[in-house]
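Source file: work_8.cif; contents: mmCIF, C-alpha atoms and all ligand atoms.
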```cif
data_structure
loop_
_atom_site.label_atom_id
_atom_site.label_comp_id
_atom_site.auth_asym_id
_atom_site.auth_seq_id
_atom_site.Cartn_x
_atom_site.Cartn_y
_atom_site.Cartn_z
CA MET C 1 2.89 62.61 102.76
CA THR C 2 3.75 61.33 99.28
CA THR C 3 6.87 63.47 99.27
CA SER C 4 8.11 61.97 102.54
CA VAL C 5 7.38 58.43 101.29
CA ASN C 6 9.31 59.22 98.12
CA ARG C 7 12.14 60.69 100.15
CA GLU C 8 12.28 57.54 102.31
CA ARG C 9 12.24 55.38 99.16
CA LYS C 10 15.06 57.40 97.62
CA ARG C 11 17.07 57.11 100.87
CA PHE C 12 16.70 53.30 100.80
CA GLN C 13 17.74 53.20 97.13
CA VAL C 14 20.82 55.28 97.87
CA GLN C 15 21.60 53.08 100.88
CA ILE C 16 21.57 49.87 98.90
CA LEU C 17 23.35 51.45 95.96
CA ASN C 18 26.09 52.64 98.33
CA ARG C 19 26.45 49.16 99.70
CA GLY C 20 27.16 48.18 96.11
CA GLY C 21 27.77 44.47 95.96
CA ASP C 22 26.58 43.89 99.51
CA ALA C 23 22.93 44.83 99.39
CA VAL C 24 21.14 43.75 102.54
CA LYS C 25 19.56 40.34 102.53
CA LYS C 26 16.48 40.64 104.68
CA SER C 27 14.09 37.92 103.67
CA GLY C 28 16.23 35.45 101.75
CA ARG C 29 14.22 36.22 98.64
CA GLN C 30 17.25 37.84 97.07
CA ASP C 31 18.93 34.42 96.92
CA ARG C 32 15.89 33.12 95.08
CA ILE C 33 16.31 35.40 92.09
CA ILE C 34 17.77 33.54 89.10
CA VAL C 35 19.08 35.82 86.36
CA ALA C 36 18.86 34.32 82.86
CA LEU C 37 22.16 34.74 81.00
CA ASP C 38 20.64 34.75 77.53
CA THR C 39 23.47 35.70 75.17
CA GLN C 40 25.88 33.99 72.79
CA ASP C 41 28.69 36.29 73.76
CA PHE C 42 30.91 34.90 76.50
CA SER C 43 32.35 38.34 77.33
CA GLU C 44 28.90 39.85 77.69
CA MET C 45 27.90 37.02 80.01
CA LYS C 46 31.02 37.61 82.12
CA ARG C 47 30.22 41.34 82.30
CA TRP C 48 26.70 40.59 83.58
CA VAL C 49 27.91 38.12 86.21
CA LYS C 50 30.63 40.54 87.36
CA SER C 51 28.23 43.49 87.59
CA LEU C 52 25.84 41.40 89.66
CA LYS C 53 28.46 39.98 92.01
CA GLY C 54 27.28 40.15 95.61
CA LEU C 55 23.72 40.83 94.51
CA ILE C 56 22.74 37.73 92.55
CA SER C 57 23.97 34.27 93.47
CA PHE C 58 21.98 32.14 91.03
CA PHE C 59 22.16 32.24 87.22
CA LYS C 60 20.40 30.41 84.43
CA VAL C 61 22.42 29.01 81.56
CA GLY C 62 19.96 28.26 78.78
CA SER C 63 20.12 26.83 75.29
CA GLU C 64 21.39 30.05 73.68
CA LEU C 65 24.47 30.44 75.88
CA PHE C 66 25.11 26.71 76.17
CA THR C 67 24.91 26.15 72.40
CA ALA C 68 27.28 29.04 71.74
CA CYS C 69 29.76 28.63 74.60
CA GLY C 70 29.25 25.14 76.05
CA LYS C 71 30.25 24.05 79.49
CA LYS C 72 32.80 26.80 80.03
CA ALA C 73 29.82 29.09 80.65
CA VAL C 74 28.64 26.86 83.52
CA LYS C 75 32.19 26.62 84.84
CA TYR C 76 32.63 30.38 84.79
CA VAL C 77 29.47 30.98 86.85
CA ARG C 78 30.38 28.21 89.30
CA ASP C 79 33.90 29.62 89.67
CA GLN C 80 32.37 32.94 90.71
CA GLY C 81 30.74 31.12 93.62
CA ALA C 82 27.23 31.21 92.15
CA GLU C 83 24.73 28.43 91.48
CA VAL C 84 23.56 27.37 88.03
CA PHE C 85 20.14 26.42 86.71
CA LEU C 86 20.87 24.57 83.46
CA ASP C 87 17.79 25.27 81.37
CA LEU C 88 18.14 22.94 78.39
CA LYS C 89 14.60 21.54 78.61
CA PHE C 90 15.50 17.98 77.59
CA HIS C 91 12.76 16.26 75.56
CA ASP C 92 13.87 13.03 73.87
CA ILE C 93 13.72 9.26 74.23
CA PRO C 94 14.33 8.14 77.83
CA ALA C 95 17.82 6.73 77.17
CA THR C 96 19.03 9.99 75.63
CA VAL C 97 17.51 12.08 78.41
CA GLU C 98 19.06 9.80 81.02
CA ALA C 99 22.52 10.26 79.50
CA SER C 100 22.03 14.03 79.13
CA ALA C 101 20.87 14.28 82.75
CA LYS C 102 24.01 12.50 83.87
CA ALA C 103 26.13 14.92 81.86
CA ALA C 104 24.24 17.90 83.34
CA ALA C 105 24.79 16.62 86.89
CA GLY C 106 28.49 16.20 86.10
CA LEU C 107 28.71 19.96 85.51
CA GLY C 108 27.80 20.62 89.13
CA VAL C 109 24.57 22.47 88.41
CA LYS C 110 22.05 23.02 91.20
CA MET C 111 19.11 22.23 88.93
CA PHE C 112 18.19 21.35 85.37
CA ASN C 113 14.95 20.61 83.56
CA VAL C 114 13.14 18.30 81.17
CA HIS C 115 9.85 18.80 79.34
CA ALA C 116 7.02 17.14 81.27
CA LEU C 117 5.42 16.47 77.86
CA GLY C 118 8.17 13.88 77.36
CA GLY C 119 6.16 11.62 79.63
CA VAL C 120 6.62 9.68 82.86
CA GLN C 121 9.16 7.18 81.56
CA MET C 122 11.38 9.96 80.27
CA MET C 123 11.13 12.01 83.46
CA ARG C 124 11.88 8.94 85.60
CA ALA C 125 14.96 8.28 83.47
CA ALA C 126 16.22 11.81 84.18
CA LYS C 127 15.75 11.41 87.92
CA GLN C 128 17.26 7.93 87.90
CA ALA C 129 20.40 9.31 86.26
CA VAL C 130 21.17 11.69 89.13
CA LYS C 131 20.00 9.75 92.15
CA ASP C 132 23.50 8.71 93.28
CA ILE C 133 25.15 12.04 92.61
CA SER C 134 26.06 14.16 95.60
CA PRO C 135 24.92 16.87 95.97
CA MET C 136 21.98 15.64 93.92
CA PRO C 137 20.75 18.28 91.46
CA TRP C 138 17.05 19.07 91.40
CA VAL C 139 15.24 17.91 88.30
CA LEU C 140 12.35 20.10 87.24
CA GLY C 141 9.59 19.45 84.73
CA VAL C 142 8.67 22.23 82.30
CA THR C 143 4.88 22.49 82.17
CA VAL C 144 3.54 25.06 79.69
CA LEU C 145 5.95 27.76 78.51
CA THR C 146 5.11 31.18 79.91
CA SER C 147 5.28 32.61 76.39
CA MET C 148 2.21 30.52 75.50
CA GLY C 149 -1.36 31.55 76.06
CA GLU C 150 -4.70 29.77 75.99
CA ASN C 151 -5.05 30.29 72.19
CA GLU C 152 -1.76 28.65 71.20
CA LEU C 153 -2.61 25.69 73.37
CA SER C 154 -6.06 25.09 71.91
CA ASP C 155 -5.84 26.40 68.31
CA GLU C 156 -2.25 25.46 67.44
CA LEU C 157 -1.44 22.47 69.61
CA LYS C 158 -5.02 21.16 69.79
CA ILE C 159 -4.72 20.60 73.51
CA ALA C 160 -8.32 20.66 74.64
CA MET C 161 -7.70 21.20 78.36
CA PRO C 162 -7.75 24.78 79.68
CA LEU C 163 -4.21 26.04 80.22
CA GLU C 164 -4.22 25.94 84.02
CA ARG C 165 -5.59 22.41 84.10
CA GLN C 166 -2.93 21.35 81.62
CA VAL C 167 -0.24 22.85 83.88
CA ILE C 168 -1.65 20.97 86.89
CA HIS C 169 -1.88 17.76 84.91
CA LEU C 170 1.77 18.00 83.81
CA ALA C 171 2.85 18.95 87.34
CA LYS C 172 1.12 15.84 88.69
CA LEU C 173 2.95 13.70 86.13
CA ALA C 174 6.24 15.32 87.13
CA LYS C 175 5.64 14.57 90.80
CA GLN C 176 4.55 11.02 90.00
CA SER C 177 7.85 10.60 88.12
CA GLY C 178 9.82 11.63 91.21
CA LEU C 179 10.86 15.09 90.00
CA ASP C 180 11.62 17.82 92.53
CA GLY C 181 9.36 20.47 91.08
CA VAL C 182 8.18 22.26 87.96
CA VAL C 183 8.70 25.34 85.88
CA ALA C 184 5.40 27.20 85.54
CA SER C 185 3.99 30.71 85.58
CA ALA C 186 3.60 32.36 88.97
CA ARG C 187 -0.09 32.60 88.11
CA GLU C 188 -0.33 28.85 88.60
CA VAL C 189 1.83 28.53 91.74
CA LYS C 190 -0.96 28.60 94.31
CA HIS C 191 -2.87 25.89 92.54
CA VAL C 192 0.21 23.69 92.02
CA LYS C 193 1.25 24.04 95.69
CA LYS C 194 -2.28 23.33 96.91
CA ILE C 195 -2.52 20.11 94.93
CA LEU C 196 1.07 18.88 95.04
CA GLY C 197 2.25 20.24 98.39
CA GLY C 198 4.47 23.10 99.52
CA GLY C 199 7.67 21.07 99.22
CA PHE C 200 7.20 20.55 95.48
CA LYS C 201 9.29 23.37 94.03
CA VAL C 202 7.90 25.89 91.58
CA VAL C 203 10.33 27.97 89.56
CA THR C 204 8.71 30.79 87.63
CA PRO C 205 9.90 32.66 84.56
CA GLY C 206 7.69 35.24 82.85
CA ILE C 207 8.62 37.79 85.52
CA ARG C 208 8.17 41.43 84.65
CA PRO C 209 8.56 44.34 87.06
CA ALA C 210 5.90 47.01 86.46
CA TRP C 211 8.59 49.27 84.92
CA SER C 212 9.67 46.82 82.17
CA ALA C 213 8.24 45.70 78.81
CA SER C 214 6.55 42.30 78.54
CA GLN C 215 8.25 41.36 75.18
CA ASP C 216 7.26 37.80 74.11
CA GLN C 217 6.12 36.70 77.57
CA LYS C 218 2.35 36.33 78.02
CA ARG C 219 1.59 34.95 81.50
CA ILE C 220 3.57 37.63 83.30
CA VAL C 221 3.70 38.48 87.01
CA THR C 222 5.75 41.07 88.94
CA PRO C 223 8.61 39.85 91.17
CA ARG C 224 6.80 40.93 94.34
CA ASP C 225 3.54 39.20 93.35
CA ALA C 226 5.38 36.04 92.31
CA PHE C 227 6.81 35.65 95.82
CA ALA C 228 3.52 36.63 97.42
CA LEU C 229 1.89 33.82 95.42
CA GLY C 230 4.35 31.31 96.87
CA THR C 231 6.91 30.83 94.10
CA ASP C 232 10.23 29.33 95.25
CA TYR C 233 12.51 30.92 92.63
CA ILE C 234 11.90 33.62 90.02
CA VAL C 235 13.73 33.59 86.69
CA ILE C 236 14.26 37.01 85.20
CA GLY C 237 16.27 37.86 82.11
CA ARG C 238 15.84 40.86 79.85
CA PRO C 239 14.45 43.33 82.43
CA ILE C 240 17.90 43.04 84.10
CA THR C 241 20.35 42.02 81.37
CA GLY C 242 18.72 44.28 78.77
CA ALA C 243 18.89 47.34 81.04
CA LYS C 244 21.46 50.08 80.46
CA ASP C 245 22.39 49.75 84.12
CA VAL C 246 22.34 46.01 84.83
CA LYS C 247 23.23 46.40 88.50
CA GLY C 248 20.70 49.20 89.00
CA ALA C 249 17.94 47.07 87.47
CA ALA C 250 18.79 44.16 89.78
CA LEU C 251 18.73 46.50 92.76
CA ARG C 252 15.27 47.73 91.74
CA VAL C 253 14.03 44.14 91.65
CA ILE C 254 15.62 43.40 95.03
CA GLU C 255 14.14 46.51 96.52
CA GLU C 256 10.72 45.47 95.24
CA ILE C 257 10.79 42.02 96.81
CA GLU C 258 12.54 42.69 100.13
O1 LIG C 301 14.11 37.62 79.40
P1 LIG C 301 13.07 36.84 80.14
O2 LIG C 301 12.88 37.33 81.56
O3 LIG C 301 11.77 36.73 79.40
O4 LIG C 301 13.71 35.37 80.25
C1 LIG C 301 13.00 34.28 80.65
C2 LIG C 301 13.87 33.09 80.59
O5 LIG C 301 13.16 31.99 81.13
C3 LIG C 301 14.30 32.68 79.19
O6 LIG C 301 15.65 32.28 79.27
C4 LIG C 301 13.43 31.49 78.82
O7 LIG C 301 14.13 30.53 78.07
C5 LIG C 301 13.10 30.93 80.20
N1 LIG C 301 11.85 30.19 80.31
C6 LIG C 301 10.61 30.70 80.02
N2 LIG C 301 9.48 29.92 80.15
C7 LIG C 301 9.58 28.69 80.61
C8 LIG C 301 10.84 28.17 80.92
C9 LIG C 301 11.96 28.97 80.78
O8 LIG C 301 10.48 31.85 79.67
N3 LIG C 301 8.48 27.98 80.82
#
```
Reformat the file's structure so that it appears as structure tokens.
Ligand code: C5P
Amino acid sequence: MTTSVNRERKRFQVQILNRGGDAVKKSGRQDRIIVALDTQDFSEMKRWVKSLKGLISFFKVGSELFTACGKKAVKYVRDQGAEVFLDLKFHDIPATVEASAKAAAGLGVKMFNVHALGGVQMMRAAKQAVKDISPMPWVLGVTVLTSMGENELSDELKIAMPLERQVIHLAKLAKQSGLDGVVASAREVKHVKKILGGGFKVVTPGIRPAWSASQDQKRIVTPRDAFALGTDYIVIGRPITGAKDVKGAALRVIEEIE
């Protein structure tokens, strides 16, 4: 029995590997995988995007790549026909965030984010900045980083609320400010969706397939479970970009979720 299941599994793996860049898209979940391009090396980033062509159509440009390479990194990904999540987590006075949001929208990114801890006025300023831009990018609020656990929140930051309640509180503020969704752990998705509605997007980093190491992430969830819990987009970095075979790792994730 087990042998025939394994054989079937192997056959499927070979099938999708043979299709190379054209792995079957069955559920649409494949398009909701965002690969984090965390590197300072422009050539390395290009190699990742090229190896994933046809498999991954959404990439995250974060502070590491953006600080090192600037907007040419966004342009490169866009020129390959893929979407960009600009993850710069703006957190500043409203006027500065408004201007930064405008600049982000000008790069043609599909979404970008601000820290919900920046408050309602700041989040409203970000949304205000992009409201006349077409297509309008989604603005997301970062709730509590997935690398943080209950102890950091209470002992270090002296935030008295339990972590999940703090996430819900910040998500409510984000919605009240007109944002399109939040960044949170998949562990909190069900609760966020129940309280704020299914249309309020939840993008979840802290994704770790069972076969990969957790590294500095604490509130981790597997790709399959994240979708089962109702997440809209998963963000996954090192399990794919840190693998010897970047394309093979992406295919394993796709196989798991489809
Ligand atoms: O390599 P790994 O899969 O841990 O990458 C996760 C990515 O998601 C990183 O680029 C990190 O900056 C980002 N992120 C996160 N937690 C958040 C928001 C973004 O880990 N709350």
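The space separating atom CA of C:Lys172 from atom CA of C:Lys89 comes to 17.8 Å.
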Query raised in the report: So which residues touch C:Glu44 within 12 Å, counting all atoms listed in the file, skipping near sequence neighbours fewer than 4 positions away, as number ranges by chain?
Result: C: 37-40, 48-51, 65, 69, 73, 241-242, 246
Query raised in the report: C:Val35, C:Val130, C:Ala125, C:Val120: which is nearest ligand LIG 301 (chain C), counting only C-alpha atoms and all ligand atoms?
Result: C:Val35
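For the set C:Thr222, C:Gln30, C:Ser212, C:Gln80, the residue with the smallest atom-to-atom gap to C:Lys53 is C:Gln80, counting all atoms listed in the file.
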**Report entry** Neighbour list for C:Gln217 as a PyMOL selection string, cut-off 7 Å, all atoms listed in the file, skip fewer than 4 positions in-chain
**Finding:** chain C and resi 146-147+206
Query raised in the report: If we count only C-alpha atoms, what is near C:Ile240 at a cut-off of 10 Å, once residues fewer than 2 positions away on the same chain are taken out, given as a PyMOL selection string?
Result: chain C and resi 35-37+48+52+208-209+212+236-238+242-253
Requested in this report: Tell me, as a ChimeraX atom specification, which residues lie within 7 Å of stretch 149-151 of chain C, counting all atoms listed in the file; anything in the same chain fewer than 3 positions away does not count.
Outcome: /C:154-155,162-163,218
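Between atom CA of C:His191 and atom O8 of ligand LIG 301 (chain C) lies a distance of 19.5 Å.
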Query - Spatial neighbours of C:Gln176, max dist 10 Å, all atoms listed in the file, sep filter under 3 positions, as a PyMOL selection string - result: chain C and resi 120+123-124+170-173+179+196
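Ranking C:Arg29, C:Lys201, C:His115, C:His91 by their shortest atom-to-atom distance to ligand LIG 301 (chain C), with all atoms listed in the file included, puts C:His115 first.
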Assuming 6 Å of padding per side, give the centre and edge lengths of the axis-aligned box around every listed atom of ligand LIG 301 (chain C), in Å to one decimal and as AutoDock Vina command-line options.
```
--center_x 12.1 --center_y 32.8 --center_z 79.8 --size_x 19.2 --size_y 21.6 --size_z 15.5
```
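If all atoms listed in the file are the atoms counted, then among C:Arg78, C:His169, C:Arg224, C:Lys158 the closest residue to C:Val142 is C:His169.
For the point (-4.4, 32.4, 85.8), the residues with at least one atom inside 8 Å, counting only C-alpha atoms, are Glu164, Arg187, Glu188 and Arg219 of chain C.
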Report summary line: Atom pair atom CA of C:Glu83 + atom CA of C:Phe58, distance 4.6 Å
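Counting all atoms listed in the file, the residue from C:Val139, C:Ala101, C:Ala213, C:Gly178 that sits nearest to ligand LIG 301 (chain C) is C:Ala213.
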**Report entry** Shortest interatomic distance to C:Asp132 - which of C:Val144, C:Leu55, C:Ala105, C:Leu157, counting only C-alpha atoms
**Finding:** C:Ala105
